[in-house]
Amino acid sequence: MANRGLMVAILCAFFLTAAFQTAFAVKDEVPLSTLEEEVLALLKGDEIVRRRNIDKVFELADLYRQKGNTLRAIELYEAGLTVNAANLKRQMELALLLMKYKRKDDAVAKAKLVYELAEEELLINDSLNLLQNSGIIIKENEYIPDLNNPVKIMIIPLGTPNMRVVKSFCQQMQEIMGIGIILSEKTRDIGQHDRTFTPVFLNDYFSGLKENMGKTNFEAAVAELGFKDKDLDLPENRKDFIYRIFEGQTNDAKEMKAALDKKFEETDNHLQYNTMRFLSELHDEYRGNKRADIKGYLAITNEDLYEGKSRFRFGGALPGRGVMSYHRFTGAFNQEPQNRKRLVTRTLKQGLSSANFVLGILRCSNPYCARAYPHSILELDQKQAELCSECQDNLNKYIRANKK
Ligand SMILES: [Zn+2]
């Protein structure tokens with residue numbers, strides 16, 4: 001009990017991190033007049049404050065649009081987008097309204113921007129429709145599979161990846177590797193998820209709490225709350241322990257619990273798929289393959305992957321088969337503005353790594369090679385989207401030996 005004061009102080013420091021501060025923000029329904037007043041103040045105020053509260057501006061713009069107040073909605077979208085141009089969903093809404101309002105040139109300019117940058121298929125299609133209806137011809141990136149190449153890898157869409165991203169990926173892979181990259185016509189059903197992100201998050205949270213409390217405080221709390229030796233190995237007991245620590249707080253216990261519950265809700269919806277399952281399924285399905293030109297199969301998905309006890313995997317591969325995901329390369333995942341070209345480049349780096357493993361070529365140790373092991377998205381971004389000379393030599397040797 002003597003350490004309680006200290007413990008509370010340590011805990012407060014731990015919980016009041018940025019992630020939890022944002023989690024506390026609960027969205028309430030705001031009456032229109034109040035929202036209008038707030039937005040008016042934001043529009044008059046400085047840009048930093050407007051940017052911080054940009055959701056309110058767009059929320060009101062959406063409401064005006066739904067009520068048919070087009071002119072007001074256009075004004076607000078334009079005002080909001082001046083400080084948050086990366087919001088492509090609102091750029092597209094604005095483009096559609098501008099079309100109605102006979103500002104075709106402005107609408108087309110917005111739609112072009114959305115078409116170029118969007119990572120989400122729905123947004124790309126909306127922008128393309130607007131452009132085509134305005135008589136603008138868009139030349140989509142071409143993908144021409146090299147069917148005559150004697151060395152090929154087949155790419156298999158798994159789940160619901162954006163096929164524009166997949167095709168750009170295939171084209172660039174083919175150009176860099178100098179082998180045929182052919183795309184399976186059949187998309188593979190991804191099936192049920194293998195786990196949610198909750199156990200990973202709970203484990204991280206519990207470890208962070210333990211570390212922040214320090215050994216003495218932690219052990220005192222365990223004894224005081226009546227947990228035994230191995231009890232805290234079980235996830236449900238860890239959760240119970242965390243909540244009971246919250247209850248020991250004089251203030252904010254309710255808010256902390258609500259914030260953590262919200263986080264658990266998010267992690268319950270973050271589904272993950274086991275790479276090993278796909279590797280074994282691909283092995284079973286393609287081991288009878290009689291096509292000598294197809295040297296391996298690489299599945300690509302938009303869903304998040306993991307393997308064993310890892311938090312996540314960008315991909316996994318064995319000779320003859322592999323699986324990779326671009327889930328963690330998207331703007332949505334990294335809380336960055338969407339940028340399809342960047343998404344394809346990141347996917348390409350992972351693809352070069354996975355495809356060479358599929359051909360049985362071991363990893364090199366050049367940190368700038370596309371195949372260098374990336375521990376994070378930052379490390380991935382630092383790599384070149386090309387093979388180092390060692391990998392290129394090994395690939396050339398492979399191609400020479402397997403031409404027939
Ligand atoms: Zn290399």
# chains A, B, ... in the order shown; residues from 1 in each chain; ligands from 1
call {"tool": "residues_near_ligand", "arguments": {"ligand": "ligand 1", "cutoff": "6 Å", "atoms": "only C-alpha atoms and all ligand atoms", "output": "PyMOL selection string"}}
result
chain A and resi 364+366+369+371+387-388+390-391
call {"tool": "write_last_selection", "arguments": {"atoms": "N, CA and C atoms", "output": "compact mmCIF listing (two decimals), in the first residue's frame"}}
result
# COMPACT_ATOMS: atom_id res chain seq x y z
N CYS A 364 20.26 -11.68 -49.56
CA CYS A 364 21.60 -11.10 -49.54
C CYS A 364 21.77 -10.27 -48.27
N ASN A 366 22.79 -6.82 -48.48
CA ASN A 366 22.94 -5.42 -48.90
C ASN A 366 21.73 -4.63 -48.38
N CYS A 369 19.26 -3.22 -51.00
CA CYS A 369 18.62 -4.14 -51.93
C CYS A 369 17.14 -4.25 -51.57
N ARG A 371 15.60 -6.72 -51.35
CA ARG A 371 15.39 -7.94 -50.58
C ARG A 371 15.92 -7.86 -49.15
N LEU A 387 17.08 -4.93 -57.44
CA LEU A 387 17.91 -5.97 -56.84
C LEU A 387 19.37 -5.52 -56.82
N CYS A 388 20.09 -5.91 -55.78
CA CYS A 388 21.52 -5.60 -55.73
C CYS A 388 22.24 -6.52 -56.72
N GLU A 390 24.45 -8.79 -56.30
CA GLU A 390 24.53 -10.19 -55.85
C GLU A 390 23.22 -10.93 -56.18
N CYS A 391 22.09 -10.30 -55.85
CA CYS A 391 20.79 -10.94 -56.12
C CYS A 391 20.54 -11.06 -57.61
call {"tool": "residues_around", "arguments": {"residues": "A:Leu147", "least_positions_apart": "5", "cutoff": "9 Å", "atoms": "only C-alpha atoms", "output": "ChimeraX atom specification"}}
result
/A:152,180-182
call {"tool": "write_last_selection", "arguments": {"atoms": "N, CA, C and O atoms", "output": "mmCIF file, in the first residue's frame"}}
result
data_model
loop_
_atom_site.group_PDB
_atom_site.id
_atom_site.type_symbol
_atom_site.label_atom_id
_atom_site.label_comp_id
_atom_site.auth_asym_id
_atom_site.auth_seq_id
_atom_site.Cartn_x
_atom_site.Cartn_y
_atom_site.Cartn_z
ATOM 1 N N LYS A 152 8.674 -18.411 -65.484
ATOM 2 C CA LYS A 152 7.524 -17.591 -65.059
ATOM 3 C C LYS A 152 7.171 -17.836 -63.592
ATOM 4 O O LYS A 152 7.393 -18.927 -63.046
ATOM 5 N N GLY A 180 8.806 -13.940 -66.765
ATOM 6 C CA GLY A 180 7.387 -13.719 -67.004
ATOM 7 C C GLY A 180 6.636 -13.679 -65.677
ATOM 8 O O GLY A 180 6.805 -14.567 -64.838
ATOM 9 N N ILE A 181 5.863 -12.629 -65.475
ATOM 10 C CA ILE A 181 5.008 -12.575 -64.283
ATOM 11 C C ILE A 181 3.578 -12.667 -64.801
ATOM 12 O O ILE A 181 3.077 -11.738 -65.434
ATOM 13 N N ILE A 182 2.966 -13.817 -64.581
ATOM 14 C CA ILE A 182 1.609 -13.971 -65.120
ATOM 15 C C ILE A 182 0.604 -13.947 -63.972
ATOM 16 O O ILE A 182 0.886 -14.379 -62.857
#
call {"tool": "residues_around", "arguments": {"residues": "A:Val108", "least_positions_apart": "3", "cutoff": "8 Å", "atoms": "only C-alpha atoms", "output": "ChimeraX atom specification"}}
result
/A:95,104-105,111-112,130-131,134
call {"tool": "closest_residue", "arguments": {"among": "A:Ala258, A:Val222, A:Leu271, A:Met99", "to": "A:Gln192", "atoms": "only C-alpha atoms"}}
result
A:Leu271
call {"tool": "residues_around", "arguments": {"residues": "A:Ser310", "least_positions_apart": "3", "cutoff": "12 Å", "atoms": "only C-alpha atoms", "output": "NGL selection string"}}
result
:A and (195 or 197 or 199-201 or 203 or 272-275 or 304-307 or 313-316 or 375)
call {"tool": "closest_residue", "arguments": {"among": "A:Asn125, A:Asn84, A:Thr187, A:Asn148", "to": "A:Ile294", "atoms": "only C-alpha atoms"}}
result
A:Asn148
call {"tool": "residues_around", "arguments": {"residues": "stretch 50-63 of chain A", "least_positions_apart": "3", "cutoff": "10 Å", "atoms": "only C-alpha atoms", "output": "ChimeraX atom specification"}}
result
/A:30,32,35-36,38-47,66-84,87,90,93-94
call {"tool": "residues_around", "arguments": {"residues": "A:Gln174", "least_positions_apart": "3", "cutoff": "12 Å", "atoms": "only C-alpha atoms", "output": "PyMOL selection string"}}
result
chain A and resi 143-147+149+151-155+167-171+177-183+348+351-352+355+386
call {"tool": "closest_residue", "arguments": {"among": "A:Asn212, A:Gln335, A:Ser389, A:Ser325", "to": "A:Ser354", "atoms": "only C-alpha atoms"}}
result
A:Ser325
call {"tool": "select_by_dssp", "arguments": {"residues": "stretch 170-281 of chain A", "states": "alpha helix (DSSP H)", "output": "ChimeraX atom specification"}}
result
/A:170-177,198-213,215-224,235-247,253-269,275-281
call {"tool": "closest_residue", "arguments": {"among": "A:Leu298, A:Pro337, A:Gly308, A:Ala372", "to": "A:Met173", "atoms": "only C-alpha atoms"}}
result
A:Leu298
call {"tool": "decode", "arguments": {"residues": "stretch 32-46 of chain A", "atoms": "all heavy atoms", "output": "PDB file, in the first residue's frame"}}
result
ATOM      1  N   LEU A  32     -27.235  20.986 -35.419  1.00  0.00           N
ATOM      2  CA  LEU A  32     -26.703  21.717 -36.563  1.00  0.00           C
ATOM      3  C   LEU A  32     -26.288  23.143 -36.227  1.00  0.00           C
ATOM      4  O   LEU A  32     -25.217  23.598 -36.607  1.00  0.00           O
ATOM      5  CB  LEU A  32     -27.731  21.712 -37.708  1.00  0.00           C
ATOM      6  CG  LEU A  32     -27.226  22.212 -39.059  1.00  0.00           C
ATOM      7  CD1 LEU A  32     -25.987  21.460 -39.485  1.00  0.00           C
ATOM      8  CD2 LEU A  32     -28.303  22.100 -40.114  1.00  0.00           C
ATOM      9  N   SER A  33     -27.156  23.867 -35.480  1.00  0.00           N
ATOM     10  CA  SER A  33     -26.827  25.275 -35.199  1.00  0.00           C
ATOM     11  C   SER A  33     -25.519  25.396 -34.408  1.00  0.00           C
ATOM     12  O   SER A  33     -24.696  26.265 -34.690  1.00  0.00           O
ATOM     13  CB  SER A  33     -27.972  25.952 -34.466  1.00  0.00           C
ATOM     14  OG  SER A  33     -28.254  25.231 -33.296  1.00  0.00           O
ATOM     15  N   THR A  34     -25.326  24.476 -33.453  1.00  0.00           N
ATOM     16  CA  THR A  34     -24.079  24.499 -32.679  1.00  0.00           C
ATOM     17  C   THR A  34     -22.897  24.211 -33.594  1.00  0.00           C
ATOM     18  O   THR A  34     -21.878  24.900 -33.552  1.00  0.00           O
ATOM     19  CB  THR A  34     -24.104  23.426 -31.564  1.00  0.00           C
ATOM     20  OG1 THR A  34     -25.377  23.472 -30.938  1.00  0.00           O
ATOM     21  CG2 THR A  34     -23.003  23.626 -30.564  1.00  0.00           C
ATOM     22  N   LEU A  35     -23.067  23.176 -34.447  1.00  0.00           N
ATOM     23  CA  LEU A  35     -22.005  22.808 -35.373  1.00  0.00           C
ATOM     24  C   LEU A  35     -21.709  23.973 -36.329  1.00  0.00           C
ATOM     25  O   LEU A  35     -20.555  24.291 -36.587  1.00  0.00           O
ATOM     26  CB  LEU A  35     -22.419  21.553 -36.156  1.00  0.00           C
ATOM     27  CG  LEU A  35     -21.360  20.948 -37.091  1.00  0.00           C
ATOM     28  CD1 LEU A  35     -20.139  20.479 -36.314  1.00  0.00           C
ATOM     29  CD2 LEU A  35     -21.937  19.777 -37.887  1.00  0.00           C
ATOM     30  N   GLU A  36     -22.762  24.627 -36.788  1.00  0.00           N
ATOM     31  CA  GLU A  36     -22.576  25.775 -37.700  1.00  0.00           C
ATOM     32  C   GLU A  36     -21.761  26.879 -37.027  1.00  0.00           C
ATOM     33  O   GLU A  36     -20.867  27.453 -37.635  1.00  0.00           O
ATOM     34  CB  GLU A  36     -23.930  26.310 -38.168  1.00  0.00           C
ATOM     35  CG  GLU A  36     -24.529  25.464 -39.286  1.00  0.00           C
ATOM     36  CD  GLU A  36     -25.933  25.893 -39.679  1.00  0.00           C
ATOM     37  OE1 GLU A  36     -26.725  26.256 -38.770  1.00  0.00           O
ATOM     38  OE2 GLU A  36     -26.236  25.862 -40.878  1.00  0.00           O
ATOM     39  N   GLU A  37     -22.105  27.135 -35.774  1.00  0.00           N
ATOM     40  CA  GLU A  37     -21.366  28.181 -35.031  1.00  0.00           C
ATOM     41  C   GLU A  37     -19.895  27.799 -34.876  1.00  0.00           C
ATOM     42  O   GLU A  37     -19.007  28.622 -35.086  1.00  0.00           O
ATOM     43  CB  GLU A  37     -21.972  28.373 -33.635  1.00  0.00           C
ATOM     44  CG  GLU A  37     -23.151  29.324 -33.616  1.00  0.00           C
ATOM     45  CD  GLU A  37     -23.850  29.314 -32.265  1.00  0.00           C
ATOM     46  OE1 GLU A  37     -23.161  29.083 -31.240  1.00  0.00           O
ATOM     47  OE2 GLU A  37     -25.074  29.509 -32.256  1.00  0.00           O
ATOM     48  N   GLU A  38     -19.680  26.529 -34.520  1.00  0.00           N
ATOM     49  CA  GLU A  38     -18.297  26.066 -34.329  1.00  0.00           C
ATOM     50  C   GLU A  38     -17.499  26.188 -35.625  1.00  0.00           C
ATOM     51  O   GLU A  38     -16.362  26.658 -35.632  1.00  0.00           O
ATOM     52  CB  GLU A  38     -18.289  24.597 -33.871  1.00  0.00           C
ATOM     53  CG  GLU A  38     -18.634  24.404 -32.415  1.00  0.00           C
ATOM     54  CD  GLU A  38     -18.659  22.925 -32.047  1.00  0.00           C
ATOM     55  OE1 GLU A  38     -19.526  22.194 -32.561  1.00  0.00           O
ATOM     56  OE2 GLU A  38     -17.810  22.504 -31.254  1.00  0.00           O
ATOM     57  N   VAL A  39     -18.119  25.766 -36.729  1.00  0.00           N
ATOM     58  CA  VAL A  39     -17.421  25.794 -38.013  1.00  0.00           C
ATOM     59  C   VAL A  39     -17.159  27.237 -38.456  1.00  0.00           C
ATOM     60  O   VAL A  39     -16.078  27.553 -38.953  1.00  0.00           O
ATOM     61  CB  VAL A  39     -18.209  24.996 -39.082  1.00  0.00           C
ATOM     62  CG1 VAL A  39     -17.629  25.209 -40.476  1.00  0.00           C
ATOM     63  CG2 VAL A  39     -18.192  23.506 -38.739  1.00  0.00           C
ATOM     64  N   LEU A  40     -18.123  28.095 -38.216  1.00  0.00           N
ATOM     65  CA  LEU A  40     -17.946  29.506 -38.558  1.00  0.00           C
ATOM     66  C   LEU A  40     -16.710  30.072 -37.847  1.00  0.00           C
ATOM     67  O   LEU A  40     -15.879  30.755 -38.446  1.00  0.00           O
ATOM     68  CB  LEU A  40     -19.200  30.289 -38.168  1.00  0.00           C
ATOM     69  CG  LEU A  40     -19.330  31.674 -38.790  1.00  0.00           C
ATOM     70  CD1 LEU A  40     -19.499  31.548 -40.300  1.00  0.00           C
ATOM     71  CD2 LEU A  40     -20.525  32.435 -38.198  1.00  0.00           C
ATOM     72  N   ALA A  41     -16.607  29.728 -36.557  1.00  0.00           N
ATOM     73  CA  ALA A  41     -15.450  30.198 -35.774  1.00  0.00           C
ATOM     74  C   ALA A  41     -14.155  29.626 -36.346  1.00  0.00           C
ATOM     75  O   ALA A  41     -13.135  30.318 -36.438  1.00  0.00           O
ATOM     76  CB  ALA A  41     -15.619  29.804 -34.315  1.00  0.00           C
ATOM     77  N   LEU A  42     -14.216  28.356 -36.755  1.00  0.00           N
ATOM     78  CA  LEU A  42     -13.017  27.716 -37.313  1.00  0.00           C
ATOM     79  C   LEU A  42     -12.589  28.383 -38.626  1.00  0.00           C
ATOM     80  O   LEU A  42     -11.406  28.562 -38.887  1.00  0.00           O
ATOM     81  CB  LEU A  42     -13.285  26.226 -37.585  1.00  0.00           C
ATOM     82  CG  LEU A  42     -13.351  25.313 -36.356  1.00  0.00           C
ATOM     83  CD1 LEU A  42     -13.808  23.919 -36.766  1.00  0.00           C
ATOM     84  CD2 LEU A  42     -11.985  25.227 -35.674  1.00  0.00           C
ATOM     85  N   LEU A  43     -13.575  28.753 -39.431  1.00  0.00           N
ATOM     86  CA  LEU A  43     -13.253  29.363 -40.718  1.00  0.00           C
ATOM     87  C   LEU A  43     -12.643  30.751 -40.534  1.00  0.00           C
ATOM     88  O   LEU A  43     -11.814  31.189 -41.325  1.00  0.00           O
ATOM     89  CB  LEU A  43     -14.492  29.441 -41.610  1.00  0.00           C
ATOM     90  CG  LEU A  43     -15.088  28.093 -42.018  1.00  0.00           C
ATOM     91  CD1 LEU A  43     -16.267  28.278 -42.959  1.00  0.00           C
ATOM     92  CD2 LEU A  43     -14.042  27.193 -42.677  1.00  0.00           C
ATOM     93  N   LYS A  44     -13.074  31.419 -39.463  1.00  0.00           N
ATOM     94  CA  LYS A  44     -12.520  32.751 -39.187  1.00  0.00           C
ATOM     95  C   LYS A  44     -11.150  32.658 -38.508  1.00  0.00           C
ATOM     96  O   LYS A  44     -10.342  33.574 -38.622  1.00  0.00           O
ATOM     97  CB  LYS A  44     -13.463  33.538 -38.266  1.00  0.00           C
ATOM     98  CG  LYS A  44     -14.689  34.091 -38.991  1.00  0.00           C
ATOM     99  CD  LYS A  44     -15.519  34.899 -38.001  1.00  0.00           C
ATOM    100  CE  LYS A  44     -16.808  35.384 -38.631  1.00  0.00           C
ATOM    101  NZ  LYS A  44     -17.788  35.739 -37.586  1.00  0.00           N
ATOM    102  N   GLY A  45     -10.937  31.567 -37.804  1.00  0.00           N
ATOM    103  CA  GLY A  45      -9.711  31.425 -37.007  1.00  0.00           C
ATOM    104  C   GLY A  45      -8.510  31.033 -37.852  1.00  0.00           C
ATOM    105  O   GLY A  45      -8.573  31.023 -39.086  1.00  0.00           O
ATOM    106  N   ASP A  46      -7.416  30.686 -37.180  1.00  0.00           N
ATOM    107  CA  ASP A  46      -6.207  30.380 -37.959  1.00  0.00           C
ATOM    108  C   ASP A  46      -6.218  28.948 -38.504  1.00  0.00           C
ATOM    109  O   ASP A  46      -6.987  28.097 -38.073  1.00  0.00           O
ATOM    110  CB  ASP A  46      -4.928  30.713 -37.173  1.00  0.00           C
ATOM    111  CG  ASP A  46      -4.619  29.710 -36.102  1.00  0.00           C
ATOM    112  OD1 ASP A  46      -4.479  28.509 -36.437  1.00  0.00           O
ATOM    113  OD2 ASP A  46      -4.525  30.097 -34.937  1.00  0.00           O
TER     114      ASP A  46
END
